[in-house]
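Student: What follows is a single structure, and I will ask about it in a moment.
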Amino acid sequence: MIALIDCNSFYCSCERLFRPDLARRPVGVLSNNDGCFVSLTPELKALGVPMGSPYFQYKNVCEKNKVAVFSANFSLYTNLSDRVMKTLSPLAPVHEIYSIDESFMDLSGISNLLDHGKIIRAKILRDVGIPVSVGIAPTKTLAKVANHIAKSDPSLGGVLVIKNQNDIDQALTRTTVGKLWGVGKQSEIKLRILGIQNAKQFRDFKNEKIIQSILTKTGRQIQDELKGIICKPISNQIEKKKEIMSSRTFGRPVYDKRYLCESVANYTSLAAEKLRKQNSVCQIIQVGFRTNPYKETSQYYAYDSFCFQTHTSDTRKLIQVAMSLVDGLYSYGYEYKKAMVRLTNIIDTNQTQLSLFETPDSALDQILMKTMDNINTKEGYQILKSAACGVDNLAWKMRQELKTPRFLTGWSELFKVY
């Protein structure tokens, strides 16, 4: 049996953790630059605010109903996510971290699954303070279904086990096809045209070729998983990223090349740090930036890439190349709104092949990068950084006017008790 542990309205729950007065108030968390809602509590959803909706469209609704709205505080959320995952690890022999707020666990051999699910939920709430829902079923997809029902039905106490065929059929009947893991909005429309309204009808649909034409091989795997056939086994191994991208929309328009270079240097530093964290190196760096396509101004989009002879993870080398790409792409007189850096052709560090025409990362280079990463992890984000990143980011930084302090990751922002 497989359990899916999913944190309830995770970003909102993180904000509530340090604000007990918000326990019964509607809470919402916004995306980068305070654009759209990326996390909503049930109280906010009940007011008619949909996930992904622009904040400005519902600002009056939020003010009228005293909604607590926050800018995203990802350093806080990541820290609390790590605490949740570390708390879960001893509770099952196999534990797979799926996302920042979701985790699969192998509960094979556990006799009383409902009690164990309740223990998991209570332990996370007690040790970390984050409420979770637990869905337990024979496959990952069925566990997703069980988790969704456990989260939406208060009478279940946040835990649901679907084990026998009758329980599975009932759960699938009450789950709309659009709620299935792997079924997007466009696919849902096509399935409804075929008369498939709920998950049980999807599972029992006989024409496998039509399902595969709509959802490719993934659709067939979903069907098999709903039948109890495991297609997605649990694994302890975290799959390394095959490409790493760092991209942001600027809080205000950027005109000056200097500030555009600073933003690209910062995004390159962030991507390189992620690259080293998974013990990898890259061969290709891609840089791009554009104006605001939704604004009636002159439009410009630029993109270019560079391929190293030898794979690297050295921030200095990557920034040097990124700056030369910006030099070649920049055009004066435009109002730039977004920049992007992507690292591709990623392999493990120990698989690096040397080249006669380019100097590889030396042992001293690797030690320097590791030392920078350790200091930044311990002391705070970008305490040490390249001079190309600039001394501040006031000209292009994201708009986060409603951001709470980094209660767990910044010495100067620790929670104060009087």
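Ligands are numbered from 1 in the order shown, chains are lettered A, B, ... in the order of the structure tokens, and residues start at 1 in each chain.
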Give the strand (DSSP E) residues of stretch 29-73 of chain A, as assigned by DSSP on the backbone, as a list in words.

Tutor: Val29, Leu30, Phe37, Val38, Ser39, Leu40, Ala68, Val69, Phe70 and Ser71 of chain A

Student: Suppose we keep N, CA and C atoms; can you now write the selection as a PDB file, in the first residue's frame?

Tutor:
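Once written, result34.pdb looks like this:
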ATOM      1  N   VAL A  29      -1.645  33.407  -0.859  1.00  0.00           N
ATOM      2  CA  VAL A  29      -0.240  33.720  -1.137  1.00  0.00           C
ATOM      3  C   VAL A  29      -0.100  33.984  -2.626  1.00  0.00           C
ATOM      4  N   LEU A  30       0.658  35.039  -2.955  1.00  0.00           N
ATOM      5  CA  LEU A  30       0.786  35.485  -4.345  1.00  0.00           C
ATOM      6  C   LEU A  30       2.065  34.968  -4.990  1.00  0.00           C
ATOM      7  N   PHE A  37      -2.633  34.439  -7.460  1.00  0.00           N
ATOM      8  CA  PHE A  37      -2.722  33.575  -6.281  1.00  0.00           C
ATOM      9  C   PHE A  37      -2.158  32.189  -6.622  1.00  0.00           C
ATOM     10  N   VAL A  38      -1.210  31.728  -5.810  1.00  0.00           N
ATOM     11  CA  VAL A  38      -0.627  30.394  -6.005  1.00  0.00           C
ATOM     12  C   VAL A  38      -0.974  29.452  -4.864  1.00  0.00           C
ATOM     13  N   SER A  39      -1.566  29.977  -3.801  1.00  0.00           N
ATOM     14  CA  SER A  39      -2.010  29.141  -2.681  1.00  0.00           C
ATOM     15  C   SER A  39      -3.208  29.810  -2.023  1.00  0.00           C
ATOM     16  N   LEU A  40      -4.264  29.016  -1.794  1.00  0.00           N
ATOM     17  CA  LEU A  40      -5.508  29.537  -1.223  1.00  0.00           C
ATOM     18  C   LEU A  40      -5.996  28.617  -0.124  1.00  0.00           C
ATOM     19  N   ALA A  68      -6.167  37.825   4.481  1.00  0.00           N
ATOM     20  CA  ALA A  68      -4.743  38.047   4.716  1.00  0.00           C
ATOM     21  C   ALA A  68      -3.982  37.603   3.468  1.00  0.00           C
ATOM     22  N   VAL A  69      -3.374  38.548   2.757  1.00  0.00           N
ATOM     23  CA  VAL A  69      -2.673  38.260   1.509  1.00  0.00           C
ATOM     24  C   VAL A  69      -1.181  38.478   1.711  1.00  0.00           C
ATOM     25  N   PHE A  70      -0.373  37.518   1.244  1.00  0.00           N
ATOM     26  CA  PHE A  70       1.067  37.582   1.452  1.00  0.00           C
ATOM     27  C   PHE A  70       1.818  37.401   0.134  1.00  0.00           C
ATOM     28  N   SER A  71       2.983  38.057   0.034  1.00  0.00           N
ATOM     29  CA  SER A  71       3.914  37.763  -1.049  1.00  0.00           C
ATOM     30  C   SER A  71       4.595  36.435  -0.745  1.00  0.00           C
TER      31      SER A  71
END

Student: Do you have, as JSON lines, the list of residues of stretch 226-260 of chain A lying at most 7 Å from stretch 374-398 of chain A, each with its nearest atom pair and that distance in Å to one decimal, counting only C-alpha atoms and ordered by chain then number?

Tutor:
{"residue": "A:Thr249", "atom": "CA", "partner": "A:Met398", "partner_atom": "CA", "distance": 6.9}
{"residue": "A:Phe250", "atom": "CA", "partner": "A:Trp396", "partner_atom": "CA", "distance": 5.1}
{"residue": "A:Gly251", "atom": "CA", "partner": "A:Met398", "partner_atom": "CA", "distance": 4.2}
{"residue": "A:Arg252", "atom": "CA", "partner": "A:Trp396", "partner_atom": "CA", "distance": 6.0}
{"residue": "A:Val254", "atom": "CA", "partner": "A:Trp396", "partner_atom": "CA", "distance": 6.4}
{"residue": "A:Tyr259", "atom": "CA", "partner": "A:Ala395", "partner_atom": "CA", "distance": 6.6}

Student: Selection from above, N, CA, C and O atoms, as an mmCIF file, in the first residue's frame, can you write it?

Tutor:
data_model
loop_
_atom_site.group_PDB
_atom_site.id
_atom_site.type_symbol
_atom_site.label_atom_id
_atom_site.label_comp_id
_atom_site.auth_asym_id
_atom_site.auth_seq_id
_atom_site.Cartn_x
_atom_site.Cartn_y
_atom_site.Cartn_z
ATOM 1 N N THR A 249 10.323 37.762 -13.618
ATOM 2 C CA THR A 249 9.776 38.996 -14.166
ATOM 3 C C THR A 249 10.205 40.128 -13.249
ATOM 4 O O THR A 249 10.097 40.018 -12.030
ATOM 5 N N PHE A 250 10.692 41.208 -13.799
ATOM 6 C CA PHE A 250 11.186 42.317 -12.992
ATOM 7 C C PHE A 250 10.030 43.044 -12.306
ATOM 8 O O PHE A 250 8.940 43.170 -12.868
ATOM 9 N N GLY A 251 10.304 43.544 -11.105
ATOM 10 C CA GLY A 251 9.297 44.297 -10.382
ATOM 11 C C GLY A 251 8.976 45.621 -11.045
ATOM 12 O O GLY A 251 7.873 46.151 -10.904
ATOM 13 N N ARG A 252 9.945 46.165 -11.787
ATOM 14 C CA ARG A 252 9.737 47.400 -12.546
ATOM 15 C C ARG A 252 10.508 47.278 -13.863
ATOM 16 O O ARG A 252 11.463 46.502 -13.951
ATOM 17 N N VAL A 254 13.106 47.566 -16.871
ATOM 18 C CA VAL A 254 14.550 47.807 -16.902
ATOM 19 C C VAL A 254 14.925 48.346 -18.281
ATOM 20 O O VAL A 254 14.571 47.761 -19.309
ATOM 21 N N TYR A 259 21.816 47.075 -15.488
ATOM 22 C CA TYR A 259 20.889 46.368 -14.601
ATOM 23 C C TYR A 259 20.418 45.054 -15.215
ATOM 24 O O TYR A 259 20.158 44.086 -14.505
#

Student: So how far away is atom CA of A:Leu226 from atom CA of A:Lys140, in Å?

Tutor: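 Answer for the atom CA of A:Lys140 to atom CA of A:Leu226 separation: 9.0 Å.
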
Student: Determine, counting only C-alpha atoms, which protein, DNA and RNA residues have an atom within 9 Å of an atom of A:Ser247; residues of the same chain fewer than 6 positions away are not included. Present the result as a PyMOL selection string.

Tutor: chain A and resi 264+267+338-342

Student: Restricting it to N, CA, C and O atoms, dump the selection as a PDB file, in the first residue's frame.

Tutor:
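Ended up saving to out.pdb:
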ATOM      1  N   VAL A 264      20.863  39.051 -14.989  1.00  0.00           N
ATOM      2  CA  VAL A 264      21.310  37.801 -15.617  1.00  0.00           C
ATOM      3  C   VAL A 264      22.412  37.150 -14.783  1.00  0.00           C
ATOM      4  O   VAL A 264      22.442  35.922 -14.618  1.00  0.00           O
ATOM      5  N   TYR A 267      20.721  35.449 -11.824  1.00  0.00           N
ATOM      6  CA  TYR A 267      20.013  34.236 -12.209  1.00  0.00           C
ATOM      7  C   TYR A 267      20.992  33.116 -12.553  1.00  0.00           C
ATOM      8  O   TYR A 267      20.733  31.938 -12.279  1.00  0.00           O
ATOM      9  N   LYS A 338      11.568  40.889 -18.437  1.00  0.00           N
ATOM     10  CA  LYS A 338      11.877  39.557 -17.926  1.00  0.00           C
ATOM     11  C   LYS A 338      13.189  39.056 -18.505  1.00  0.00           C
ATOM     12  O   LYS A 338      13.515  39.330 -19.664  1.00  0.00           O
ATOM     13  N   ALA A 339      13.946  38.293 -17.692  1.00  0.00           N
ATOM     14  CA  ALA A 339      15.185  37.672 -18.156  1.00  0.00           C
ATOM     15  C   ALA A 339      15.197  36.207 -17.745  1.00  0.00           C
ATOM     16  O   ALA A 339      14.528  35.812 -16.777  1.00  0.00           O
ATOM     17  N   MET A 340      15.981  35.411 -18.473  1.00  0.00           N
ATOM     18  CA  MET A 340      16.004  33.977 -18.236  1.00  0.00           C
ATOM     19  C   MET A 340      17.407  33.417 -18.453  1.00  0.00           C
ATOM     20  O   MET A 340      18.125  33.851 -19.365  1.00  0.00           O
ATOM     21  N   VAL A 341      17.798  32.456 -17.607  1.00  0.00           N
ATOM     22  CA  VAL A 341      19.041  31.711 -17.790  1.00  0.00           C
ATOM     23  C   VAL A 341      18.713  30.231 -17.669  1.00  0.00           C
ATOM     24  O   VAL A 341      18.048  29.816 -16.712  1.00  0.00           O
ATOM     25  N   ARG A 342      19.164  29.438 -18.636  1.00  0.00           N
ATOM     26  CA  ARG A 342      18.906  27.994 -18.599  1.00  0.00           C
ATOM     27  C   ARG A 342      20.218  27.238 -18.802  1.00  0.00           C
ATOM     28  O   ARG A 342      21.003  27.568 -19.685  1.00  0.00           O
TER      29      ARG A 342
END

Student: Smallest atom-to-atom distance to A:Thr173: which of A:Lys200, A:Arg248, A:Lys241, A:Arg83, using only C-alpha atoms?

Tutor: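 Closest residue, counting only C-alpha atoms: A:Lys200.
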
Student: Using only C-alpha atoms, which protein or nucleic acid residues come within 7 Å of stretch 150-167 of chain A? Drop anything in the same chain fewer than 4 positions from it, and give the result as a VMD selection string.

Tutor: chain A and resid 114 117 to 118 133 to 138 146 171

Student: Pull C-alpha atoms from the residues just selected and write them as a short mmCIF file (atom, residue, chain, number, x, y, z; two decimals), in the first residue's frame.

Tutor:
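In the end it all went to selection_23.cif:
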data_model
loop_
_atom_site.label_atom_id
_atom_site.label_comp_id
_atom_site.auth_asym_id
_atom_site.auth_seq_id
_atom_site.Cartn_x
_atom_site.Cartn_y
_atom_site.Cartn_z
CA LEU A 114 -5.98 4.03 9.10
CA GLY A 117 -2.24 7.49 8.71
CA LYS A 118 -3.62 9.27 11.75
CA SER A 133 -3.95 15.08 4.47
CA VAL A 134 -3.13 11.40 4.03
CA GLY A 135 -4.47 9.18 1.25
CA ILE A 136 -3.63 5.46 1.30
CA ALA A 137 -4.27 3.10 -1.63
CA PRO A 138 -2.66 0.33 -3.73
CA ALA A 146 -7.82 9.16 -1.70
CA ALA A 171 -13.92 6.95 -4.45
#

Student: Counting only C-alpha atoms, what is within 12 Å of A:Gly48, bar same-chain residues fewer than 4 positions away, as a PyMOL selection string?

Tutor: chain A and resi 26+40-44+53+57-58+61-62+65

Student: When you look at A:Gly35 with a cut-off of 8 Å (counting only C-alpha atoms), what residues show up, excluding the ones that are within fewer than 6 positions of it in the same chain? I need them as a list in words.

Tutor: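 Counting only C-alpha atoms, the residues come to Pro54, Tyr55 and Phe56 of chain A.
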
Student: Those residues you just picked out, can you put them in a file as a short mmCIF file (atom, residue, chain, number, x, y, z; two decimals), in the first residue's frame with N, CA, C and O atoms?

Tutor:
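Writing the result to selection.cif gives the following:
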data_model
loop_
_atom_site.label_atom_id
_atom_site.label_comp_id
_atom_site.auth_asym_id
_atom_site.auth_seq_id
_atom_site.Cartn_x
_atom_site.Cartn_y
_atom_site.Cartn_z
N PRO A 54 -5.50 36.64 -11.04
CA PRO A 54 -4.72 37.84 -10.75
C PRO A 54 -5.24 38.53 -9.48
O PRO A 54 -6.45 38.66 -9.28
N TYR A 55 -4.30 38.98 -8.67
CA TYR A 55 -4.67 39.61 -7.39
C TYR A 55 -5.48 40.88 -7.61
O TYR A 55 -6.47 41.14 -6.90
N PHE A 56 -5.11 41.68 -8.61
CA PHE A 56 -5.79 42.97 -8.79
C PHE A 56 -7.28 42.80 -9.09
O PHE A 56 -8.08 43.68 -8.77
#

Student: Report as a ChimeraX atom specification all protein, DNA and RNA residues lying within 10 Å of A:Asp365, evaluated on only C-alpha atoms, omitting residues in the same chain fewer than 3 positions from it.

Tutor: /A:313-316,360-362,368-371

Student: Please indicate the distance in Å from atom CA of A:Asn147 to atom CA of A:Ser81, rounded to one decimal place.

Tutor: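 Interatomic distance, atom CA of A:Asn147 to atom CA of A:Ser81: 18.2 Å.
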